[in-house]
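Novice: File name structure27.cif; file contents mmCIF, C-alpha atoms; full text below.
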data_input
#
loop_
_atom_site.group_PDB
_atom_site.id
_atom_site.type_symbol
_atom_site.label_atom_id
_atom_site.label_comp_id
_atom_site.auth_asym_id
_atom_site.auth_seq_id
_atom_site.Cartn_x
_atom_site.Cartn_y
_atom_site.Cartn_z
ATOM 1 C CA MET A 28 80.797 111.128 10.887
ATOM 2 C CA GLY A 29 79.393 109.166 7.924
ATOM 3 C CA PRO A 30 75.681 108.506 7.505
ATOM 4 C CA LYS A 31 76.177 104.792 8.276
ATOM 5 C CA ARG A 32 77.703 105.541 11.646
ATOM 6 C CA GLY A 33 75.027 108.118 12.374
ATOM 7 C CA ILE A 34 72.255 105.608 11.716
ATOM 8 C CA MET A 35 73.998 103.006 13.877
ATOM 9 C CA MET A 36 74.315 105.537 16.675
ATOM 10 C CA LEU A 37 70.628 106.374 16.412
ATOM 11 C CA ILE A 38 69.589 102.696 16.437
ATOM 12 C CA ALA A 39 71.827 101.910 19.422
ATOM 13 C CA SER A 40 70.494 104.904 21.347
ATOM 14 C CA LEU A 41 66.901 103.948 20.644
ATOM 15 C CA ALA A 42 67.611 100.328 21.625
ATOM 16 C CA GLY A 43 69.086 101.488 24.917
ATOM 17 C CA PHE A 44 66.074 103.705 25.490
ATOM 18 C CA ALA A 45 63.580 100.944 24.728
ATOM 19 C CA LEU A 46 65.365 98.237 26.693
ATOM 20 C CA GLN A 47 65.997 100.323 29.783
ATOM 21 C CA PRO A 48 63.072 99.119 31.905
ATOM 22 C CA VAL A 49 63.661 95.471 30.940
ATOM 23 C CA TRP A 50 67.403 95.521 31.283
ATOM 24 C CA ALA A 51 67.619 97.461 34.482
ATOM 25 C CA GLY A 52 64.628 95.740 36.115
ATOM 26 C CA ALA A 53 63.321 99.030 37.385
ATOM 27 C CA ALA A 54 63.129 99.344 41.162
ATOM 28 C CA TYR A 55 59.710 99.557 42.733
ATOM 29 C CA PRO A 56 58.857 103.283 42.904
ATOM 30 C CA PHE A 57 57.885 103.660 46.547
ATOM 31 C CA ASP A 58 57.043 107.347 46.376
ATOM 32 C CA ASP A 59 53.929 109.243 45.418
ATOM 33 C CA SER A 60 54.568 109.233 41.677
ATOM 34 C CA GLY A 61 51.641 107.568 39.993
ATOM 35 C CA TYR A 62 49.188 108.479 42.712
ATOM 36 C CA LEU A 63 45.812 107.653 41.212
ATOM 37 C CA GLY A 64 43.298 108.246 43.955
ATOM 38 C CA ASP A 65 41.691 107.129 47.158
ATOM 39 C CA ALA A 66 41.657 103.396 47.946
ATOM 40 C CA ALA A 67 37.873 103.573 48.203
ATOM 41 C CA LEU A 68 37.759 103.903 44.396
ATOM 42 C CA MET A 69 38.644 100.224 44.102
ATOM 43 C CA PRO A 70 35.497 98.345 45.145
ATOM 44 C CA ASP A 71 37.026 94.889 45.746
ATOM 45 C CA TRP A 72 39.940 96.187 47.787
ATOM 46 C CA SER A 73 37.649 98.559 49.620
ATOM 47 C CA ALA A 74 35.253 95.700 50.446
ATOM 48 C CA THR A 75 38.176 93.576 51.670
ATOM 49 C CA MET A 76 39.300 96.362 54.007
ATOM 50 C CA GLN A 77 35.750 96.706 55.265
ATOM 51 C CA ARG A 78 35.475 92.954 55.975
ATOM 52 C CA GLN A 79 38.879 93.027 57.668
ATOM 53 C CA GLY A 80 37.623 95.885 59.844
ATOM 54 C CA GLN A 81 34.554 93.855 60.796
ATOM 55 C CA GLN A 82 36.620 90.747 61.609
ATOM 56 C CA SER A 83 39.360 92.626 63.416
ATOM 57 C CA PRO A 84 37.619 92.860 66.846
ATOM 58 C CA ASP A 85 37.541 89.034 67.023
ATOM 59 C CA LEU A 86 41.270 88.911 66.395
ATOM 60 C CA GLN A 87 41.946 91.648 68.952
ATOM 61 C CA ALA A 88 39.853 89.808 71.541
ATOM 62 C CA CYS A 89 41.723 86.591 70.757
ATOM 63 C CA ILE A 90 45.108 88.269 71.189
ATOM 64 C CA LYS A 91 44.030 89.613 74.585
ATOM 65 C CA ASP A 92 42.500 86.372 75.805
ATOM 66 C CA ALA A 93 43.201 82.865 74.502
ATOM 67 C CA GLU A 94 39.798 81.739 75.759
ATOM 68 C CA ALA A 95 38.109 84.169 73.355
ATOM 69 C CA CYS A 96 39.858 82.675 70.341
ATOM 70 C CA GLU A 97 38.047 81.065 67.455
ATOM 71 C CA SER A 98 39.934 77.882 66.572
ATOM 72 C CA PHE A 99 41.333 79.307 63.314
ATOM 73 C CA TYR A 100 42.856 82.279 65.166
ATOM 74 C CA LYS A 101 44.795 80.250 67.754
ATOM 75 C CA GLY A 102 47.883 79.848 65.591
ATOM 76 C CA ILE A 103 47.779 83.498 64.538
ATOM 77 C CA ARG A 104 47.587 84.517 68.200
ATOM 78 C CA HIS A 105 50.778 82.622 69.024
ATOM 79 C CA LEU A 106 52.470 84.000 65.912
ATOM 80 C CA LEU A 107 51.608 87.625 66.668
ATOM 81 C CA LEU A 108 52.523 87.413 70.353
ATOM 82 C CA LYS A 109 55.926 85.899 69.524
ATOM 83 C CA ALA A 110 56.474 88.322 66.636
ATOM 84 C CA ALA A 111 55.735 91.336 68.838
ATOM 85 C CA ALA A 112 58.978 90.687 70.726
ATOM 86 C CA LEU A 113 61.100 90.697 67.557
ATOM 87 C CA PRO A 114 62.727 93.633 65.712
ATOM 88 C CA PRO A 115 60.908 94.789 62.535
ATOM 89 C CA GLU A 116 63.243 93.055 60.075
ATOM 90 C CA ARG A 117 62.663 89.697 61.747
ATOM 91 C CA GLN A 118 58.932 90.318 62.027
ATOM 92 C CA ILE A 119 58.849 90.773 58.245
ATOM 93 C CA LYS A 120 60.767 87.555 57.704
ATOM 94 C CA LEU A 121 58.568 85.588 60.105
ATOM 95 C CA ILE A 122 55.306 86.823 58.598
ATOM 96 C CA ASN A 123 56.575 86.143 55.074
ATOM 97 C CA HIS A 124 57.478 82.542 55.919
ATOM 98 C CA TYR A 125 54.272 81.938 57.881
ATOM 99 C CA VAL A 126 51.924 83.155 55.143
ATOM 100 C CA ASN A 127 53.861 81.398 52.359
ATOM 101 C CA ARG A 128 53.312 78.045 54.077
ATOM 102 C CA LYS A 129 49.581 78.290 53.532
ATOM 103 C CA ARG A 130 47.660 76.439 50.885
ATOM 104 C CA TYR A 131 47.636 77.982 47.420
ATOM 105 C CA LYS A 132 44.136 78.063 46.061
ATOM 106 C CA TYR A 133 43.005 79.712 42.848
ATOM 107 C CA ASP A 134 40.206 82.260 42.972
ATOM 108 C CA ARG A 135 36.782 80.912 42.292
ATOM 109 C CA ALA A 136 35.944 82.263 38.852
ATOM 110 C CA SER A 137 33.609 85.168 39.306
ATOM 111 C CA ARG A 138 31.858 86.333 36.187
ATOM 112 C CA ILE A 139 31.270 90.022 35.845
ATOM 113 C CA GLU A 140 30.236 92.326 33.082
ATOM 114 C CA THR A 141 32.591 94.989 31.879
ATOM 115 C CA PRO A 142 32.019 97.999 29.664
ATOM 116 C CA PHE A 143 35.708 98.040 28.646
ATOM 117 C CA SER A 144 35.805 94.966 26.504
ATOM 118 C CA ASN A 145 33.886 93.354 23.664
ATOM 119 C CA GLU A 146 33.821 90.192 25.708
ATOM 120 C CA PRO A 147 30.616 90.087 27.719
ATOM 121 C CA LEU A 148 32.155 88.369 30.743
ATOM 122 C CA LYS A 149 35.466 88.518 32.555
ATOM 123 C CA TYR A 150 37.074 86.960 35.591
ATOM 124 C CA ARG A 151 38.678 88.871 38.373
ATOM 125 C CA SER A 152 40.590 88.306 41.553
ATOM 126 C CA ARG A 153 39.007 88.429 44.971
ATOM 127 C CA TRP A 154 41.091 89.838 47.784
ATOM 128 C CA ALA A 155 41.045 87.989 51.116
ATOM 129 C CA THR A 156 41.096 89.097 54.736
ATOM 130 C CA VAL A 157 43.299 87.342 57.301
ATOM 131 C CA GLU A 158 40.411 85.179 58.506
ATOM 132 C CA GLU A 159 39.364 84.198 54.989
ATOM 133 C CA PHE A 160 42.940 83.323 54.039
ATOM 134 C CA ILE A 161 43.579 81.287 57.184
ATOM 135 C CA ARG A 162 40.353 79.337 56.745
ATOM 136 C CA ARG A 163 40.431 78.759 53.009
ATOM 137 C CA GLY A 164 43.904 79.548 51.674
ATOM 138 C CA GLY A 165 44.206 81.764 48.642
ATOM 139 C CA ASP A 166 46.295 82.835 45.682
ATOM 140 C CA CYS A 167 49.080 85.363 45.377
ATOM 141 C CA GLU A 168 47.089 88.537 46.083
ATOM 142 C CA ASP A 169 45.669 86.876 49.206
ATOM 143 C CA TYR A 170 49.199 86.060 50.391
ATOM 144 C CA ALA A 171 50.082 89.725 49.892
ATOM 145 C CA THR A 172 46.960 91.116 51.615
ATOM 146 C CA THR A 173 47.375 88.748 54.580
ATOM 147 C CA LYS A 174 51.011 89.832 55.023
ATOM 148 C CA TYR A 175 49.795 93.423 54.809
ATOM 149 C CA PHE A 176 47.157 93.007 57.529
ATOM 150 C CA LEU A 177 49.454 90.985 59.822
ATOM 151 C CA LEU A 178 52.229 93.579 59.591
ATOM 152 C CA ARG A 179 49.665 96.307 60.257
ATOM 153 C CA GLN A 180 48.601 94.331 63.331
ATOM 154 C CA LEU A 181 52.249 94.352 64.440
ATOM 155 C CA GLY A 182 52.297 98.135 64.210
ATOM 156 C CA PHE A 183 53.775 98.834 60.765
ATOM 157 C CA PRO A 184 52.402 102.186 59.564
ATOM 158 C CA ILE A 185 50.167 102.373 56.473
ATOM 159 C CA ASP A 186 52.695 104.527 54.640
ATOM 160 C CA GLN A 187 55.324 101.784 54.839
ATOM 161 C CA LEU A 188 53.183 99.089 53.218
ATOM 162 C CA ARG A 189 51.739 98.460 49.767
ATOM 163 C CA VAL A 190 50.217 95.496 48.018
ATOM 164 C CA VAL A 191 51.786 95.650 44.561
ATOM 165 C CA VAL A 192 50.414 94.017 41.414
ATOM 166 C CA THR A 193 53.067 93.226 38.817
ATOM 167 C CA TYR A 194 53.279 91.443 35.509
ATOM 168 C CA ASP A 195 55.882 88.716 35.777
ATOM 169 C CA ARG A 196 57.442 88.247 32.338
ATOM 170 C CA GLN A 197 58.944 84.931 33.444
ATOM 171 C CA ALA A 198 55.699 83.386 34.732
ATOM 172 C CA ARG A 199 53.700 85.205 32.032
ATOM 173 C CA ALA A 200 51.058 86.057 34.596
ATOM 174 C CA HIS A 201 50.067 88.817 36.906
ATOM 175 C CA HIS A 202 51.416 88.499 40.389
ATOM 176 C CA ALA A 203 50.946 90.282 43.713
ATOM 177 C CA ILE A 204 53.609 90.946 46.320
ATOM 178 C CA LEU A 205 53.919 93.071 49.429
ATOM 179 C CA ALA A 206 56.294 96.033 49.386
ATOM 180 C CA VAL A 207 57.612 97.242 52.743
ATOM 181 C CA LYS A 208 59.534 100.489 53.012
ATOM 182 C CA ARG A 209 62.079 100.294 55.802
ATOM 183 C CA THR A 210 62.860 103.257 57.999
ATOM 184 C CA ASP A 211 66.172 103.675 56.129
ATOM 185 C CA GLY A 212 64.201 104.169 52.894
ATOM 186 C CA LYS A 213 65.087 100.814 51.330
ATOM 187 C CA VAL A 214 62.182 98.795 49.923
ATOM 188 C CA LEU A 215 61.687 95.094 50.534
ATOM 189 C CA LEU A 216 59.541 92.988 48.213
ATOM 190 C CA LEU A 217 57.995 90.045 50.067
ATOM 191 C CA GLU A 218 57.529 87.159 47.665
ATOM 192 C CA SER A 219 55.325 84.117 47.904
ATOM 193 C CA ASP A 220 58.370 81.933 47.039
ATOM 194 C CA ASN A 221 59.881 82.939 50.435
ATOM 195 C CA GLN A 222 62.391 85.380 49.005
ATOM 196 C CA ILE A 223 62.655 88.939 50.237
ATOM 197 C CA ARG A 224 64.125 91.082 47.473
ATOM 198 C CA LEU A 225 65.664 94.497 47.836
ATOM 199 C CA GLY A 226 63.483 96.757 45.713
ATOM 200 C CA ARG A 227 63.500 95.085 42.314
ATOM 201 C CA ARG A 228 63.142 91.977 40.247
ATOM 202 C CA HIS A 229 64.220 92.081 36.630
ATOM 203 C CA THR A 230 61.242 90.054 35.378
ATOM 204 C CA TYR A 231 58.644 92.384 36.932
ATOM 205 C CA ARG A 232 56.709 95.206 35.383
ATOM 206 C CA PHE A 233 55.010 97.059 38.227
ATOM 207 C CA ILE A 234 51.400 97.865 37.344
ATOM 208 C CA TYR A 235 49.670 99.275 40.382
ATOM 209 C CA SER A 236 49.688 99.208 44.140
ATOM 210 C CA VAL A 237 47.302 99.844 46.997
ATOM 211 C CA ASN A 238 47.261 100.390 50.708
ATOM 212 C CA GLU A 239 44.436 101.365 53.046
ATOM 213 C CA LYS A 240 44.552 104.969 51.876
ATOM 214 C CA SER A 241 45.566 105.135 48.238
ATOM 215 C CA ILE A 242 46.028 103.598 44.805
ATOM 216 C CA TRP A 243 49.123 104.193 42.659
ATOM 217 C CA ASP A 244 49.231 103.543 38.939
ATOM 218 C CA HIS A 245 52.807 102.704 37.975
ATOM 219 C CA GLU A 246 52.086 101.796 34.399
ATOM 220 C CA SER A 247 50.755 105.186 33.349
ATOM 221 C CA VAL A 248 53.782 106.893 34.846
ATOM 222 C CA SER A 249 56.311 104.618 33.163
ATOM 223 C CA THR A 250 54.744 104.934 29.725
ATOM 224 C CA THR A 251 53.735 108.566 29.654
ATOM 225 C CA SER A 252 56.772 109.925 31.449
ATOM 226 C CA ARG A 253 58.954 108.871 28.538
ATOM 227 C CA MET A 254 56.918 110.906 26.147
ATOM 228 C CA ILE A 255 56.904 114.056 28.208
ATOM 229 C CA HIS A 256 60.642 114.475 28.652
ATOM 230 C CA HIS A 257 60.950 114.877 32.372
ATOM 231 C CA GLN A 258 58.973 118.031 32.840
ATOM 232 C CA LYS A 259 58.863 119.180 36.437
ATOM 233 C CA GLU A 260 55.618 118.639 38.273
ATOM 234 C CA ARG A 261 54.045 121.878 39.411
ATOM 235 C CA PRO A 262 52.698 121.961 42.929
ATOM 236 C CA ALA A 263 48.908 122.133 43.024
ATOM 237 C CA MET B 7 85.872 96.243 17.434
ATOM 238 C CA ARG B 8 85.943 100.032 17.454
ATOM 239 C CA THR B 9 82.441 100.064 15.942
ATOM 240 C CA LEU B 10 81.176 97.698 18.656
ATOM 241 C CA MET B 11 82.618 99.931 21.357
ATOM 242 C CA PHE B 12 81.000 102.898 19.702
ATOM 243 C CA ILE B 13 77.602 101.152 19.635
ATOM 244 C CA ALA B 14 77.973 100.163 23.305
ATOM 245 C CA ALA B 15 78.786 103.767 24.224
ATOM 246 C CA CYS B 16 75.708 104.967 22.340
ATOM 247 C CA ALA B 17 73.558 102.396 24.159
ATOM 248 C CA VAL B 18 74.851 103.696 27.496
ATOM 249 C CA VAL B 19 73.978 107.244 26.437
ATOM 250 C CA GLY B 20 70.497 106.001 25.484
ATOM 251 C CA LEU B 21 70.044 104.308 28.868
ATOM 252 C CA THR B 22 71.108 107.456 30.693
ATOM 253 C CA TRP B 23 68.736 109.513 28.591
ATOM 254 C CA ALA B 24 65.917 107.104 29.424
ATOM 255 C CA ASP B 25 66.440 107.408 33.173
ATOM 256 C CA THR B 26 63.172 108.648 34.656
ATOM 257 C CA SER B 27 64.415 109.458 38.125
ATOM 258 C CA SER B 28 63.367 113.111 37.912
ATOM 259 C CA THR B 29 59.812 114.183 38.612
ATOM 260 C CA VAL B 30 57.325 113.814 35.782
ATOM 261 C CA VAL B 31 53.975 115.086 34.716
ATOM 262 C CA LYS B 32 51.301 112.414 34.609
ATOM 263 C CA VAL B 33 48.906 112.203 31.720
ATOM 264 C CA TYR B 34 46.020 109.783 31.733
ATOM 265 C CA SER B 35 44.097 108.894 28.644
ATOM 266 C CA LEU B 36 41.296 107.427 30.751
ATOM 267 C CA ASP B 37 39.726 109.186 33.654
ATOM 268 C CA VAL B 38 40.672 107.909 37.083
ATOM 269 C CA LYS B 39 37.537 105.882 37.660
ATOM 270 C CA GLU B 40 37.831 104.019 34.362
ATOM 271 C CA ARG B 41 41.511 103.365 34.970
ATOM 272 C CA VAL B 42 40.796 101.950 38.437
ATOM 273 C CA GLN B 43 38.071 99.715 37.042
ATOM 274 C CA ASN B 44 40.454 98.451 34.375
ATOM 275 C CA LEU B 45 43.119 97.738 36.975
ATOM 276 C CA GLU B 46 40.664 95.856 39.089
ATOM 277 C CA LEU B 47 39.835 93.550 36.187
ATOM 278 C CA ILE B 48 43.386 92.208 36.171
ATOM 279 C CA ASN B 49 43.312 88.589 37.232
ATOM 280 C CA VAL B 50 46.219 88.071 39.603
ATOM 281 C CA THR B 51 47.093 84.395 39.577
ATOM 282 C CA ALA B 52 50.819 83.648 39.455
ATOM 283 C CA GLU B 53 51.688 80.667 41.627
ATOM 284 C CA LYS B 54 55.226 80.483 43.003
ATOM 285 C CA VAL B 55 56.860 77.500 44.592
ATOM 286 C CA ALA B 56 59.347 77.978 47.394
ATOM 287 C CA SER B 57 62.639 79.169 45.951
ATOM 288 C CA GLU B 58 65.846 77.305 46.708
ATOM 289 C CA GLU B 59 67.597 80.684 46.808
ATOM 290 C CA ALA B 60 65.389 81.892 49.662
ATOM 291 C CA GLU B 61 67.037 82.202 53.033
ATOM 292 C CA GLU B 62 65.717 79.610 55.469
ATOM 293 C CA PRO B 63 64.337 80.891 58.769
ATOM 294 C CA ASP B 64 66.868 80.695 61.585
ATOM 295 C CA ALA B 65 66.325 78.448 64.616
ATOM 296 C CA GLU B 66 64.308 81.032 66.567
ATOM 297 C CA LEU B 67 61.905 81.793 63.717
ATOM 298 C CA GLN B 68 61.670 78.135 62.758
ATOM 299 C CA ALA B 69 60.683 77.230 66.319
ATOM 300 C CA ILE B 70 57.889 79.833 66.241
ATOM 301 C CA LEU B 71 56.664 78.570 62.872
ATOM 302 C CA ASP B 72 56.696 74.975 64.095
ATOM 303 C CA ASP B 73 54.754 75.902 67.245
ATOM 304 C CA VAL B 74 52.165 77.767 65.171
ATOM 305 C CA GLU B 75 51.804 74.796 62.848
ATOM 306 C CA THR B 76 51.259 72.450 65.807
ATOM 307 C CA ILE B 77 48.667 74.788 67.349
ATOM 308 C CA GLU B 78 46.800 75.105 64.051
ATOM 309 C CA ARG B 79 46.824 71.326 63.499
ATOM 310 C CA GLU B 80 45.453 70.697 67.006
ATOM 311 C CA ALA B 81 42.801 73.398 66.584
ATOM 312 C CA GLN B 82 41.354 71.808 63.463
#
Before anything else, please render the file you have as structure tokens.

Specialist:
Amino acid sequence: MGPKRGIMMLIASLAGFALQPVWAGAAYPFDDSGYLGDAALMPDWSATMQRQGQQSPDLQACIKDAEACESFYKGIRHLLLKAAALPPERQIKLINHYVNRKRYKYDRASRIETPFSNEPLKYRSRWATVEEFIRRGGDCEDYATTKYFLLRQLGFPIDQLRVVVTYDRQARAHHAILAVKRTDGKVLLLESDNQIRLGRRHTYRFIYSVNEKSIWDHESVSTTSRMIHHQKERPA
Amino acid sequence: MRTLMFIAACAVVGLTWADTSSTVVKVYSLDVKERVQNLELINVTAEKVASEEAEEPDAELQAILDDVETIEREAQ
């Protein structure tokens, strides 16, 4: 083999290596790789779960008795009662369509200080509860959190659900979706454009995900794993 | 042509080599708390309009959605 061919082989191999995540549109890694820590470490998400917990008794009371319903919960009550009679796959579809019909509203810019940047102020997303979303609408992470809480209300276990933050190369913006792991192990990605994708979208780079218990960091795994050559993880 | 096929074969080998399906060791340059704080600073904003490729709800689901919409409109 001549040196020219050797160099070409090297370049082609490196190109294949570098393009792999883009080309293949890596599937969402719904396992424990990238586990970062307890969900309580993330203050905004933790606060959202706490508010949802505080608002939940009102929703439960409403579901039991229509007379106990606040006006904004009446539609949700009907939705959940009808959905309860459906199989899981159709519950997912119904909840996805219901939430996606709601008004899209950008987060109010909240200014916070950060020690990780030279810029003195930054903006960040605020995560909504079901009640907050129904009353005010929200943006993509609020669509995802509302789907999460409604599916939890319908009995989906925590371990089957994750709110996933991605970077969408097509929209050139960060985006949030809900990932649902079916009992057969396949993963559904519930989109705010009404689509339900099976596990992957080629324009997405998965960054992190959360549920009520945990946070997973997908970016650290995808970048560092390439440098460490597939060493086997030792049990703690 | 032969060269092109050769390059394509090498690219396939590269892709296979890059497959990260096996278990990996995680290394973080930041500690967990800093990493979480950085993640939380990400502003999640992408707005998506309804896709034409999306499957429409069938009659049963559509009827539920319509009922819910009517109830919510009347409740306002």

Novice: Quick one: pull the distance between CA of Leu216 in chain A and CA of Ile90 in chain A, Å, one decimal.

Specialist: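 Going from CA of Leu216 in chain A over to CA of Ile90 in chain A covers 27.5 Å.
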
Novice: For chain B against chain A, which residues fall within 6 Å using all atoms listed in the file, given as a ChimeraX atom specification?

Specialist: /B:13,16-17,20-21,24,29-31,47,49-52,54-57,60,74,77-78,81

Novice: List the neighbours of Gln187 in chain A out to 10 Å using all atoms listed in the file; skip same-chain residues closer than 4 positions along the sequence, and give me the result as a list in words.

Specialist: Phe57, Leu178, Arg179, Phe183, Ala206, Val207, Lys208, Arg209, Thr210, Gly212, Val214 and Asn238 of chain A

Novice: Only C-alpha atoms, please: the residues just picked out, written as a PDB file, keeping the file's coordinate frame.

Specialist:
ATOM      1  CA  PHE A  57      57.885 103.660  46.547  1.00  0.00           C
ATOM      2  CA  LEU A 178      52.229  93.579  59.591  1.00  0.00           C
ATOM      3  CA  ARG A 179      49.665  96.307  60.257  1.00  0.00           C
ATOM      4  CA  PHE A 183      53.775  98.834  60.765  1.00  0.00           C
ATOM      5  CA  ALA A 206      56.294  96.033  49.386  1.00  0.00           C
ATOM      6  CA  VAL A 207      57.612  97.242  52.743  1.00  0.00           C
ATOM      7  CA  LYS A 208      59.534 100.489  53.012  1.00  0.00           C
ATOM      8  CA  ARG A 209      62.079 100.294  55.802  1.00  0.00           C
ATOM      9  CA  THR A 210      62.860 103.257  57.999  1.00  0.00           C
ATOM     10  CA  GLY A 212      64.201 104.169  52.894  1.00  0.00           C
ATOM     11  CA  VAL A 214      62.182  98.795  49.923  1.00  0.00           C
ATOM     12  CA  ASN A 238      47.261 100.390  50.708  1.00  0.00           C
TER      13      ASN A 238
END

Novice: Give the answer as one residue: which of A:Gly226, A:Gly33, A:Leu205, A:Asn123 has the shortest atom-to-atom distance to Glu62 in chain B, using all atoms listed in the file?

Specialist: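 Distance minimum relative to Glu62 in chain B lands on A:Asn123.
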
Novice: Could you tell me how far CA of Gln87 in chain A lies from CA of Val126 in chain A, in Å and to one decimal?

Specialist: 19.0 Å

Novice: As an exercise, work out the distance from CA of Asp92 in chain A to CA of Glu116 in chain A in Å and give it to one decimal place.

Specialist: 26.9 Å

Novice: Could you name the residues that touch Phe176 in chain A at 10 Å or less, counting only C-alpha atoms, but leaving out those on the same chain fewer than 6 positions away, as a list in words?

Specialist: Met76, Gln79, Ser83, Thr156, Val157, Gly182, Phe183, Ile185, Leu188 and Glu239 of chain A

Novice: Would you mind exporting the chosen residues as an mmCIF file, in the coordinates of the input, restricted to C-alpha atoms?

Specialist:
data_model
loop_
_atom_site.group_PDB
_atom_site.id
_atom_site.type_symbol
_atom_site.label_atom_id
_atom_site.label_comp_id
_atom_site.auth_asym_id
_atom_site.auth_seq_id
_atom_site.Cartn_x
_atom_site.Cartn_y
_atom_site.Cartn_z
ATOM 1 C CA MET A 76 39.300 96.362 54.007
ATOM 2 C CA GLN A 79 38.879 93.027 57.668
ATOM 3 C CA SER A 83 39.360 92.626 63.416
ATOM 4 C CA THR A 156 41.096 89.097 54.736
ATOM 5 C CA VAL A 157 43.299 87.342 57.301
ATOM 6 C CA GLY A 182 52.297 98.135 64.210
ATOM 7 C CA PHE A 183 53.775 98.834 60.765
ATOM 8 C CA ILE A 185 50.167 102.373 56.473
ATOM 9 C CA LEU A 188 53.183 99.089 53.218
ATOM 10 C CA GLU A 239 44.436 101.365 53.046
#
